[in-house]
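Data file: data-v3.txt. Format and content: compact mmCIF, C-alpha atoms (C1' of nucleotides).
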```txt
# COMPACT_ATOMS: atom_id res chain seq x y z
CA MET A 435 -6.16 -41.65 -8.95
CA GLN A 436 -9.00 -41.88 -11.33
CA ARG A 437 -8.34 -44.85 -13.53
CA THR A 438 -7.43 -47.95 -11.57
CA ASN A 439 -3.78 -48.95 -11.69
CA PHE A 440 -3.82 -52.61 -12.68
CA GLY A 441 -0.15 -52.94 -11.82
CA ASP A 442 -1.03 -52.81 -8.14
CA ILE A 443 -3.28 -55.84 -8.29
CA THR A 444 -1.61 -59.09 -7.23
CA CYS A 445 -2.36 -60.93 -10.45
CA SER A 446 -0.13 -61.65 -13.41
CA ILE A 447 -2.95 -60.93 -15.81
CA ALA A 448 -3.53 -57.52 -14.25
CA ARG A 449 0.20 -56.79 -14.30
CA THR A 450 0.38 -57.71 -17.94
CA LEU A 451 -2.57 -55.44 -18.61
CA HIS A 452 -0.69 -52.64 -16.91
CA VAL A 453 1.90 -52.98 -19.67
CA ILE A 454 -0.24 -53.58 -22.76
CA GLY A 455 -3.80 -53.14 -21.51
CA GLU A 456 -4.28 -49.59 -22.66
CA PRO A 457 -6.09 -48.90 -25.92
CA TRP A 458 -3.86 -49.31 -29.01
CA SER A 459 -0.89 -50.86 -27.21
CA PRO A 460 -1.37 -54.39 -28.57
CA LEU A 461 -1.83 -53.05 -32.07
CA ILE A 462 1.31 -50.95 -31.81
CA LEU A 463 3.17 -54.05 -30.73
CA ARG A 464 1.68 -55.94 -33.66
CA ASP A 465 2.90 -53.27 -36.06
CA VAL A 466 6.44 -53.37 -34.72
CA TRP A 467 6.36 -57.14 -34.93
CA ALA A 468 5.16 -56.91 -38.52
CA GLY A 469 7.99 -54.58 -39.45
CA LEU A 470 6.43 -51.15 -39.08
CA THR A 471 8.98 -49.71 -36.73
CA ARG A 472 8.85 -45.94 -37.16
CA PHE A 473 6.56 -43.39 -35.62
CA ASP A 474 4.98 -42.18 -38.82
CA GLN A 475 4.60 -45.67 -40.23
CA ILE A 476 2.68 -46.82 -37.20
CA GLN A 477 0.68 -43.65 -37.04
CA ALA A 478 -0.36 -43.94 -40.68
CA ASP A 479 -1.11 -47.64 -40.43
CA LEU A 480 -3.31 -47.42 -37.36
CA GLY A 481 -4.74 -43.95 -37.77
CA ILE A 482 -4.01 -43.38 -34.11
CA SER A 483 -3.71 -39.91 -32.63
CA ARG A 484 -0.10 -38.79 -32.52
CA LYS A 485 -0.47 -37.79 -28.90
CA VAL A 486 -1.61 -41.22 -27.83
CA LEU A 487 0.99 -42.94 -29.97
CA THR A 488 3.72 -40.95 -28.23
CA GLU A 489 2.35 -41.90 -24.83
CA ARG A 490 2.05 -45.58 -25.71
CA LEU A 491 5.50 -45.85 -27.23
CA ASN A 492 7.06 -44.22 -24.19
CA HIS A 493 5.14 -46.54 -21.93
CA LEU A 494 6.23 -49.63 -23.85
CA VAL A 495 9.85 -48.47 -23.84
CA GLU A 496 9.69 -47.73 -20.10
CA HIS A 497 8.47 -51.22 -19.44
CA GLY A 498 11.20 -52.83 -21.48
CA VAL A 499 9.00 -54.18 -24.23
CA LEU A 500 10.42 -51.96 -26.94
CA THR A 501 13.77 -50.19 -27.38
CA ARG A 502 14.58 -47.08 -29.34
CA ARG A 503 17.30 -47.74 -31.87
CA PRO A 504 18.86 -44.93 -33.92
CA TYR A 505 18.89 -45.62 -37.62
CA ASP A 506 20.61 -42.44 -38.69
CA ARG A 507 23.07 -39.91 -37.42
CA ARG A 508 20.16 -37.57 -37.06
CA PRO A 509 17.91 -37.94 -34.08
CA ARG A 510 15.92 -40.61 -35.90
CA HIS A 511 15.10 -43.89 -34.36
CA GLU A 512 13.00 -46.95 -34.83
CA TYR A 513 11.30 -49.12 -32.29
CA VAL A 514 12.49 -52.69 -31.84
CA LEU A 515 11.14 -55.56 -29.78
CA THR A 516 13.24 -56.64 -26.83
CA ASP A 517 13.31 -60.28 -25.71
CA LYS A 518 10.66 -59.38 -23.19
CA GLY A 519 8.66 -57.86 -26.02
CA SER A 520 9.04 -60.83 -28.37
CA ASP A 521 7.81 -63.07 -25.61
CA LEU A 522 4.82 -60.80 -25.21
CA VAL A 523 3.94 -61.14 -28.86
CA ASP A 524 2.99 -64.73 -28.08
CA VAL A 525 -0.07 -63.25 -26.40
CA LEU A 526 -0.91 -61.51 -29.66
CA MET A 527 -0.59 -64.76 -31.59
CA VAL A 528 -3.09 -66.43 -29.31
CA MET A 529 -5.41 -63.45 -29.63
CA ALA A 530 -5.07 -63.65 -33.39
CA GLY A 531 -5.89 -67.36 -33.26
CA TRP A 532 -9.04 -66.72 -31.29
CA GLY A 533 -10.08 -63.92 -33.62
CA ASP A 534 -9.43 -66.13 -36.63
CA ARG A 535 -11.56 -68.93 -35.21
CA TRP A 536 -14.48 -66.95 -33.85
CA LEU A 537 -14.61 -63.61 -35.59
CA SER A 538 -13.29 -63.79 -39.10
CA GLY A 539 -16.40 -65.25 -40.70
CA LYS A 540 -16.49 -66.81 -44.12
CA ALA A 541 -13.88 -64.44 -45.49
CA GLY A 542 -11.31 -66.41 -43.56
CA PRO A 543 -8.36 -65.12 -41.55
CA PRO A 544 -6.79 -61.87 -42.72
CA VAL A 545 -3.26 -63.06 -41.98
CA LEU A 546 -1.50 -66.39 -42.48
CA TYR A 547 1.57 -67.57 -40.63
CA ARG A 548 4.43 -69.45 -42.21
CA HIS A 549 6.32 -71.50 -39.66
CA HIS A 550 10.07 -71.26 -40.14
CA GLY A 551 10.49 -74.70 -38.58
CA CYS A 552 8.58 -76.62 -41.21
CA GLY A 553 8.01 -73.98 -43.89
CA GLU A 554 4.27 -74.62 -43.93
CA ILE A 555 1.37 -72.26 -43.46
CA SER A 556 -0.06 -72.60 -39.99
CA GLY A 557 -3.00 -71.12 -38.16
CA ALA A 558 -2.23 -68.48 -35.55
CA GLY A 559 -1.29 -69.88 -32.19
CA LEU A 560 1.64 -71.20 -30.20
CA LEU A 561 1.64 -74.63 -31.81
CA CYS A 562 2.14 -75.05 -35.52
CA THR A 563 -1.05 -76.55 -36.89
CA ARG A 564 1.01 -78.41 -39.47
CA CYS A 565 4.01 -79.92 -37.72
CA GLY A 566 2.69 -79.64 -34.17
CA LYS A 567 5.83 -78.11 -32.77
CA GLN A 568 6.03 -75.00 -30.66
CA MET A 569 5.88 -71.81 -32.62
CA HIS A 570 6.77 -68.41 -31.22
CA ALA A 571 6.42 -64.91 -32.53
CA THR A 572 9.96 -64.98 -33.88
CA ASP A 573 9.37 -68.26 -35.73
CA VAL A 574 6.88 -67.04 -38.29
CA ASP A 575 6.51 -64.91 -41.38
CA LEU A 576 3.26 -63.05 -41.87
CA LEU A 577 1.44 -63.37 -45.19
CA PRO A 578 -1.84 -61.89 -46.37
CA GLY A 579 -4.69 -64.38 -45.90
CA PRO A 580 -8.03 -64.83 -47.67
CA GLY A 581 -9.77 -62.32 -45.40
CA ALA A 582 -7.16 -59.61 -45.92
CA ALA A 583 -8.33 -56.09 -46.66
CA THR A 584 -8.62 -55.35 -50.35
CA MET B 314 -17.61 -41.75 -32.82
CA GLN B 315 -14.98 -40.70 -30.40
CA ARG B 316 -13.10 -43.81 -29.40
CA THR B 317 -11.93 -45.87 -32.32
CA ASN B 318 -13.92 -49.01 -33.02
CA PHE B 319 -11.34 -51.79 -33.22
CA GLY B 320 -13.94 -54.17 -34.58
CA ASP B 321 -13.82 -52.37 -37.91
CA ILE B 322 -10.13 -52.99 -38.45
CA THR B 323 -9.33 -55.99 -40.64
CA CYS B 324 -7.16 -57.73 -38.08
CA SER B 325 -7.95 -60.61 -35.80
CA ILE B 326 -6.07 -59.00 -32.96
CA ALA B 327 -8.08 -55.81 -33.31
CA ARG B 328 -11.31 -57.81 -33.49
CA THR B 329 -10.39 -59.69 -30.36
CA LEU B 330 -9.65 -56.38 -28.67
CA HIS B 331 -13.10 -55.21 -29.64
CA VAL B 332 -14.46 -58.02 -27.45
CA ILE B 333 -12.08 -57.95 -24.46
CA GLY B 334 -9.93 -54.90 -25.07
CA GLU B 335 -11.78 -52.53 -22.82
CA PRO B 336 -10.48 -51.87 -19.33
CA TRP B 337 -11.49 -54.57 -16.81
CA SER B 338 -12.88 -57.04 -19.34
CA PRO B 339 -10.02 -59.54 -19.09
CA LEU B 340 -10.12 -59.42 -15.32
CA ILE B 341 -13.86 -60.00 -15.31
CA LEU B 342 -13.30 -63.01 -17.51
CA ARG B 343 -10.61 -64.21 -15.15
CA ASP B 344 -12.97 -63.94 -12.20
CA VAL B 345 -15.68 -65.94 -13.93
CA TRP B 346 -13.09 -68.53 -14.90
CA ALA B 347 -11.90 -68.67 -11.29
CA GLY B 348 -15.44 -69.27 -10.05
CA LEU B 349 -16.60 -65.78 -9.14
CA THR B 350 -19.74 -65.78 -11.21
CA ARG B 351 -22.09 -63.28 -9.61
CA PHE B 352 -22.30 -59.53 -10.00
CA ASP B 353 -21.55 -58.63 -6.40
CA GLN B 354 -18.77 -61.19 -6.12
CA ILE B 355 -16.96 -59.77 -9.10
CA GLN B 356 -17.62 -56.22 -8.02
CA ALA B 357 -16.21 -56.86 -4.57
CA ASP B 358 -13.23 -58.80 -5.86
CA LEU B 359 -12.14 -56.24 -8.41
CA GLY B 360 -13.34 -53.06 -6.76
CA ILE B 361 -14.71 -52.03 -10.13
CA SER B 362 -17.41 -49.42 -10.48
CA ARG B 363 -20.86 -51.02 -10.69
CA LYS B 364 -21.66 -48.95 -13.71
CA VAL B 365 -18.68 -50.18 -15.66
CA LEU B 366 -19.20 -53.76 -14.50
CA THR B 367 -22.73 -53.69 -15.87
CA GLU B 368 -21.52 -52.37 -19.20
CA ARG B 369 -18.73 -54.92 -19.48
CA LEU B 370 -20.90 -57.89 -18.56
CA ASN B 371 -23.52 -56.88 -21.11
CA HIS B 372 -20.83 -56.48 -23.71
CA LEU B 373 -19.35 -59.90 -23.00
CA VAL B 374 -22.79 -61.52 -23.10
CA GLU B 375 -23.62 -59.76 -26.37
CA HIS B 376 -20.48 -61.12 -27.92
CA GLY B 377 -21.17 -64.67 -26.84
CA VAL B 378 -18.31 -64.96 -24.40
CA LEU B 379 -20.50 -65.24 -21.32
CA THR B 380 -24.09 -66.39 -20.76
CA ARG B 381 -26.49 -65.41 -18.05
CA ARG B 382 -27.78 -68.48 -16.20
CA PRO B 383 -30.54 -68.23 -13.58
CA TYR B 384 -29.65 -69.90 -10.32
CA ASP B 385 -32.87 -69.16 -8.52
CA ARG B 386 -36.52 -68.64 -9.23
CA ARG B 387 -35.96 -64.99 -8.48
CA PRO B 388 -34.38 -62.84 -11.10
CA ARG B 389 -30.96 -63.97 -9.99
CA HIS B 390 -28.39 -65.19 -12.38
CA GLU B 391 -24.77 -65.99 -12.64
CA TYR B 392 -22.38 -65.56 -15.50
CA VAL B 393 -20.94 -68.62 -17.19
CA LEU B 394 -18.28 -69.04 -19.85
CA THR B 395 -19.48 -70.26 -23.23
CA ASP B 396 -17.26 -72.42 -25.43
CA LYS B 397 -16.20 -69.27 -27.19
CA GLY B 398 -15.41 -67.78 -23.80
CA SER B 399 -13.41 -70.77 -22.57
CA ASP B 400 -11.37 -70.63 -25.71
CA LEU B 401 -10.72 -66.98 -25.01
CA VAL B 402 -9.39 -67.75 -21.56
CA ASP B 403 -6.41 -69.33 -23.30
CA VAL B 404 -5.35 -65.77 -24.05
CA LEU B 405 -5.47 -65.03 -20.34
CA MET B 406 -3.32 -68.05 -19.56
CA VAL B 407 -0.65 -66.82 -21.92
CA MET B 408 -0.88 -63.35 -20.41
CA ALA B 409 -0.52 -64.88 -16.97
CA GLY B 410 2.52 -66.82 -18.13
CA TRP B 411 4.18 -63.68 -19.41
CA GLY B 412 3.36 -61.81 -16.21
CA ASP B 413 4.74 -64.67 -14.14
CA ARG B 414 7.98 -64.73 -16.10
CA TRP B 415 8.65 -61.02 -16.41
CA LEU B 416 6.74 -59.19 -13.71
CA SER B 417 6.30 -61.29 -10.60
CA GLY B 418 9.79 -60.71 -9.18
CA LYS B 419 11.29 -62.79 -6.45
CA ALA B 420 7.97 -63.32 -4.73
CA GLY B 421 7.12 -65.78 -7.48
CA PRO B 422 3.86 -66.25 -9.33
CA PRO B 423 0.68 -65.43 -7.41
CA VAL B 424 -1.23 -68.34 -8.91
CA LEU B 425 -0.25 -71.93 -9.70
CA TYR B 426 -1.95 -74.21 -12.18
CA ARG B 427 -2.63 -77.87 -11.62
CA HIS B 428 -2.96 -79.72 -14.90
CA HIS B 429 -5.83 -82.21 -14.85
CA GLY B 430 -4.05 -84.33 -17.43
CA CYS B 431 -1.04 -85.21 -15.30
CA GLY B 432 -2.06 -83.88 -11.89
CA GLU B 433 1.13 -81.84 -11.59
CA ILE B 434 1.64 -78.15 -10.92
CA SER B 435 2.51 -76.35 -14.13
CA GLY B 436 3.48 -72.81 -15.04
CA ALA B 437 0.84 -70.73 -16.77
CA GLY B 438 0.68 -71.28 -20.51
CA LEU B 439 -0.85 -73.47 -23.14
CA LEU B 440 1.62 -76.32 -22.70
CA CYS B 441 1.97 -78.10 -19.39
CA THR B 442 5.50 -77.42 -18.16
CA ARG B 443 5.53 -80.86 -16.56
CA CYS B 444 4.08 -83.31 -19.06
CA GLY B 445 4.46 -81.14 -22.14
CA LYS B 446 0.96 -81.76 -23.40
CA GLN B 447 -1.51 -79.12 -24.45
CA MET B 448 -3.28 -77.46 -21.58
CA HIS B 449 -6.37 -75.31 -21.96
CA ALA B 450 -8.27 -73.10 -19.58
CA THR B 451 -10.68 -75.92 -18.77
CA ASP B 452 -7.84 -78.33 -17.98
CA VAL B 453 -6.51 -76.64 -14.88
CA ASP B 454 -7.27 -75.90 -11.26
CA LEU B 455 -6.04 -72.62 -9.82
CA LEU B 456 -4.10 -72.67 -6.58
CA PRO B 457 -2.50 -69.85 -4.59
CA GLY B 458 1.19 -69.51 -5.45
CA PRO B 459 4.17 -68.16 -3.51
CA GLY B 460 3.50 -64.60 -4.67
CA ALA B 461 -0.15 -64.64 -3.65
CA ALA B 462 -1.53 -61.68 -1.73
CA THR B 463 -1.34 -62.10 2.01
C1' DC C 1074 23.12 -19.48 -47.13
C1' DA C 1075 18.18 -19.08 -46.85
C1' DA C 1076 14.20 -21.94 -47.61
C1' DA C 1077 11.82 -26.06 -47.77
C1' DC C 1078 11.41 -30.82 -46.06
C1' DG C 1079 10.88 -34.98 -43.15
C1' DG C 1080 10.66 -37.23 -38.91
C1' DC C 1081 8.94 -36.85 -34.30
C1' DG C 1082 6.77 -35.24 -31.19
C1' DT C 1083 3.75 -31.33 -28.23
C1' DT C 1084 -0.19 -28.37 -27.33
C1' DC C 1085 -4.94 -27.30 -27.24
C1' DC C 1086 -9.75 -28.11 -27.06
C1' DG C 1087 -14.09 -30.75 -27.19
C1' DT C 1088 -16.24 -35.03 -26.04
C1' DA C 1089 -16.57 -39.55 -24.23
C1' DA C 1090 -15.63 -42.82 -20.69
C1' DG C 1091 -14.15 -44.34 -15.93
C1' DG C 1092 -14.75 -43.69 -10.52
C1' DG C 1093 -17.69 -43.32 -6.63
C1' DA C 1094 -21.68 -43.00 -4.10
C1' DA C 1095 -26.50 -42.93 -3.64
C1' DC C 1096 -30.73 -44.58 -5.35
C1' DT C 1097 -34.16 -48.00 -7.50
C1' DC C 1098 -36.44 -52.28 -8.46
C1' DT C 1099 -38.02 -56.88 -7.49
C1' DA C 1100 -38.77 -61.16 -5.31
C1' DA C 1101 -38.22 -63.60 -1.20
C1' DT C 1102 -37.96 -63.90 3.80
C1' DT C 1103 -39.48 -62.71 8.81
C1' DA D 244 -45.63 -54.71 6.67
C1' DA D 245 -40.93 -54.32 7.03
C1' DT D 246 -36.53 -56.01 5.85
C1' DT D 247 -33.02 -58.13 3.08
C1' DA D 248 -30.20 -59.29 -0.96
C1' DG D 249 -28.95 -59.28 -5.68
C1' DA D 250 -28.49 -56.62 -9.65
C1' DG D 251 -28.48 -52.87 -11.78
C1' DT D 252 -29.28 -47.37 -12.67
C1' DT D 253 -28.51 -42.49 -12.10
C1' DC D 254 -25.81 -38.49 -11.19
C1' DC D 255 -21.72 -35.77 -10.95
C1' DC D 256 -16.85 -35.13 -11.29
C1' DT D 257 -12.51 -36.02 -13.35
C1' DT D 258 -9.51 -38.19 -16.52
C1' DA D 259 -8.21 -39.58 -21.01
C1' DC D 260 -8.98 -40.22 -26.01
C1' DG D 261 -9.49 -37.99 -30.88
C1' DG D 262 -8.22 -34.55 -34.11
C1' DA D 263 -5.90 -30.92 -35.89
C1' DA D 264 -2.55 -27.43 -35.65
C1' DC D 265 1.87 -26.11 -34.17
C1' DG D 266 7.00 -26.54 -32.90
C1' DC D 267 11.65 -28.36 -33.21
C1' DC D 268 15.75 -29.83 -35.45
C1' DG D 269 18.89 -31.55 -38.41
C1' DT D 270 19.29 -32.24 -43.69
C1' DT D 271 18.74 -31.45 -48.33
C1' DT D 272 17.97 -28.22 -52.19
C1' DG D 273 18.44 -24.16 -55.11
```

Please lay out the structure from this file as structure tokens.
Amino acid sequence: MQRTNFGDITCSIARTLHVIGEPWSPLILRDVWAGLTRFDQIQADLGISRKVLTERLNHLVEHGVLTRRPYDRRPRHEYVLTDKGSDLVDVLMVMAGWGDRWLSGKAGPPVLYRHHGCGEISGAGLLCTRCGKQMHATDVDLLPGPGAAT
Amino acid sequence: MQRTNFGDITCSIARTLHVIGEPWSPLILRDVWAGLTRFDQIQADLGISRKVLTERLNHLVEHGVLTRRPYDRRPRHEYVLTDKGSDLVDVLMVMAGWGDRWLSGKAGPPVLYRHHGCGEISGAGLLCTRCGKQMHATDVDLLPGPGAAT
DNA sequence: CAAACGGCGTTCCGTAAGGGAACTCTAATT
DNA sequence: AATTAGAGTTCCCTTACGGAACGCCGTTTG
């Protein structure tokens, strides 16, 4: 085996990386979370190679993070987060929070999060920066922020 | 450019991936967090190629996540987390929490976290599962858990 | 009913990046 | 002077990403 299999390392971080550690996987998950659920939508949004997108989607489905759901009688389907997958999006929210704090510069964060619980705009993270309560991936709406692409 | 540069995407998740998205980077960060701060220690622990370890360490230092600190008059140094880096370890704690919940099986989590705030053993995450208060990477000690390697 | 279309992959090739082992460099120790 | 230890560096081989073209399969259109 050439590339090391992180799944074999006795470490929950390594095991998690085995599921979403490959290039593009977290961004694919982000897209599905944000409502881009179809192959061509994701492909166009990310500009990812179709080959790699196929591989990643299969991998995420195999590991129970996404499911394929038919949306037509034709063989057409969209990708949906499972519970396991929604829980994983919490990792993305923390990553987004770190990126907002340390990397977004004076333009400000590209995305804002509205907390369903209190209705206010919060910073990215697992605690609402307004009401202080726990906030999960399923508890927010995404809105364009000041640093959003033009 | 062959591999896509995630840093150019207007997305805090993508920007964060630009810093720690490459293979091994999160595990290197984990090692430094856990107290393995020298080149050969990390190399032996992870079994990573020395070439790649060099590249990753330089990358993490360039991006202000780690600093090189001399620990001897000789050109010997160890790698230390910066504030930016400690903040980033929060991402790892959430990843560890997800891995513990969904991937560790009946063996149980390989690592336990003792919260400095209350002194109790907590699950991995950003909230202490015992006292409910916020818990950051700098607020915990790592202990071997039931699923630890033999 | 043949042709075009849309969604979803699959195939192919060129290049970059990881794996592994051997080698280098430098300052300290014996 | 020879040895040791830490920290890279170099070289070669193999794998995997990027990009573009191609294939498949039901549906719509004329």

Distance limit 7 Å, atoms considered: only C-alpha atoms (C1' of nucleotides). Which chain C residues sit that close to chain A? Return them as an MDAnalysis selection string.
chainID C and resid 1080 1091:1092

Residue contacts of DA264 (chain D) (12 Å, all atoms listed in the file) excluding same-chain residues fewer than 6 positions away, as an MDAnalysis selection string:
chainID C and resid 1083:1086

Convert the current residue selection to file output with C-alpha atoms (C1' of nucleotides), as an mmCIF file, in the frame of the given file.
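Printed below is out_7.cif as written:
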```
data_model
loop_
_atom_site.group_PDB
_atom_site.id
_atom_site.type_symbol
_atom_site.label_atom_id
_atom_site.label_comp_id
_atom_site.auth_asym_id
_atom_site.auth_seq_id
_atom_site.Cartn_x
_atom_site.Cartn_y
_atom_site.Cartn_z
ATOM 1 C "C1'" DT C 1083 3.750 -31.330 -28.230
ATOM 2 C "C1'" DT C 1084 -0.190 -28.370 -27.330
ATOM 3 C "C1'" DC C 1085 -4.940 -27.300 -27.240
ATOM 4 C "C1'" DC C 1086 -9.750 -28.110 -27.060
#
```

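With all atoms listed in the file as the basis for measurement, A:Ser483 is the residue among A:Ser483, A:Asn439, A:Thr471, A:Thr450 that approaches chain D most closely.
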
Quick one: which residues from chain A are at most 10 Å off chain B, using all atoms listed in the file, as a PyMOL selection string?
chain A and resi 437-438+440-441+443-451+453+455-458+460-461+464+480-482+497-498+518-519+521-538+543-545+558-561+568+581-584

With a distance threshold of 9 Å and counting only C-alpha atoms (C1' of nucleotides), extract the residues of chain D near chain B and express them as an MDAnalysis selection string.
chainID D and resid 249:252 260:261

So that I have them on file, write out the residues from the current selection with C-alpha atoms (C1' of nucleotides), as a PDB file, keeping the file's coordinate frame.
```pdb
ATOM      1  C1'  DG D 249     -28.950 -59.280  -5.680  1.00  0.00           C
ATOM      2  C1'  DA D 250     -28.490 -56.620  -9.650  1.00  0.00           C
ATOM      3  C1'  DG D 251     -28.480 -52.870 -11.780  1.00  0.00           C
ATOM      4  C1'  DT D 252     -29.280 -47.370 -12.670  1.00  0.00           C
ATOM      5  C1'  DC D 260      -8.980 -40.220 -26.010  1.00  0.00           C
ATOM      6  C1'  DG D 261      -9.490 -37.990 -30.880  1.00  0.00           C
TER       7       DG D 261
END
```

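Rounded to one decimal, CA of Leu491 (chain A) and CA of Arg503 (chain A) lie 12.8 Å from each other.
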
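Each of D:DC255, D:DT272, D:DG262, D:DA248 was compared to DA1077 (chain C) using all atoms listed in the file, and D:DT272 turns out to be the nearest.
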
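With C1' of DT1103 (chain C) on one side and CA of Ala357 (chain B) on the other, the separation reads 27.5 Å.
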
What are the centre and edge lengths in Å, to one decimal, of the axis-aligned box around all listed atoms of region 345-364 of chain B with 3 Å added on each side, as lines of an AutoDock Vina configuration file?
```
center_x = -17.1
center_y = -59.1
center_z = -9.7
size_x = 16.4
size_y = 26.3
size_z = 16.3
```

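CA of Asp396 (chain B) to CA of Ser459 (chain A) spans 27.1 Å [interatomic distance, one decimal].
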
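If only C-alpha atoms (C1' of nucleotides) are the atoms counted, then among A:Asp575, A:Asp506, A:Glu489, A:Glu512 the closest residue to DT270 (chain D) is A:Asp506.
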
Exercise: DT253 (chain D) partners within 10 Å, all atoms listed in the file, chain neighbours under 5 positions left out, as a PyMOL selection string:
(chain B and resi 364) or (chain C and resi 1095-1097)

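Counting all atoms listed in the file and comparing A:Val499, A:Cys565, A:Ile462, A:Ile476, the residue that lies closest to Arg548 (chain A) is A:Cys565.
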
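Each of A:Leu576, A:Ala541, A:Leu546, A:Cys562 was checked against Ala468 (chain A) using only C-alpha atoms; the smallest atom-to-atom distance is that of A:Leu576.
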
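Using only C-alpha atoms (C1' of nucleotides), the protein and nucleic acid residues lying no more than 9 Å from Tyr547 (chain A), apart from those fewer than 6 places from it along its own chain, are Glu554, Ile555, Ser556, Gly557, Ala558, Val574, Asp575, Leu576, Leu577, Pro578 and Gly579 of chain A.
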
Those selected residues, please, written with C-alpha atoms and delivered as a JSON list (two decimals), in the frame of the given file.
```
[["chain", "number", "residue", "atom", "x", "y", "z"],
["A", 554, "GLU", "CA", 4.27, -74.62, -43.93],
["A", 555, "ILE", "CA", 1.37, -72.26, -43.46],
["A", 556, "SER", "CA", -0.06, -72.60, -39.99],
["A", 557, "GLY", "CA", -3.00, -71.12, -38.16],
["A", 558, "ALA", "CA", -2.23, -68.48, -35.55],
["A", 574, "VAL", "CA", 6.88, -67.04, -38.29],
["A", 575, "ASP", "CA", 6.51, -64.91, -41.38],
["A", 576, "LEU", "CA", 3.26, -63.05, -41.87],
["A", 577, "LEU", "CA", 1.44, -63.37, -45.19],
["A", 578, "PRO", "CA", -1.84, -61.89, -46.37],
["A", 579, "GLY", "CA", -4.69, -64.38, -45.90]]
```

Could region 572-584 of chain A be completed with N, CA and C atoms and returned as a compact mmCIF listing (two decimals), keeping the file's coordinate frame?
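Wrote part-v9.txt, looks like this:
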```txt
# COMPACT_ATOMS: atom_id res chain seq x y z
N THR A 572 8.76 -65.15 -33.04
CA THR A 572 9.96 -64.98 -33.88
C THR A 572 10.12 -66.10 -34.90
N ASP A 573 9.23 -67.09 -34.85
CA ASP A 573 9.37 -68.26 -35.73
C ASP A 573 8.46 -68.21 -36.94
N VAL A 574 7.85 -67.07 -37.21
CA VAL A 574 6.88 -67.04 -38.29
C VAL A 574 7.10 -65.84 -39.21
N ASP A 575 6.68 -66.03 -40.45
CA ASP A 575 6.51 -64.91 -41.38
C ASP A 575 5.02 -64.66 -41.53
N LEU A 576 4.67 -63.39 -41.71
CA LEU A 576 3.26 -63.05 -41.87
C LEU A 576 2.94 -62.87 -43.35
N LEU A 577 1.86 -63.48 -43.79
CA LEU A 577 1.44 -63.37 -45.19
C LEU A 577 -0.02 -62.96 -45.23
N PRO A 578 -0.42 -62.23 -46.26
CA PRO A 578 -1.84 -61.89 -46.37
C PRO A 578 -2.68 -63.15 -46.54
N GLY A 579 -3.81 -63.22 -45.82
CA GLY A 579 -4.69 -64.38 -45.90
C GLY A 579 -5.92 -64.07 -46.73
N PRO A 580 -6.83 -65.02 -46.85
CA PRO A 580 -8.03 -64.83 -47.67
C PRO A 580 -8.89 -63.67 -47.21
N GLY A 581 -8.92 -63.40 -45.90
CA GLY A 581 -9.77 -62.32 -45.40
C GLY A 581 -9.05 -60.99 -45.30
N ALA A 582 -7.91 -60.86 -45.98
CA ALA A 582 -7.16 -59.61 -45.92
C ALA A 582 -7.95 -58.47 -46.56
N ALA A 583 -7.66 -57.27 -46.10
CA ALA A 583 -8.33 -56.09 -46.66
C ALA A 583 -7.94 -55.94 -48.13
N THR A 584 -8.87 -55.47 -48.91
CA THR A 584 -8.62 -55.35 -50.35
C THR A 584 -7.76 -54.14 -50.62
```
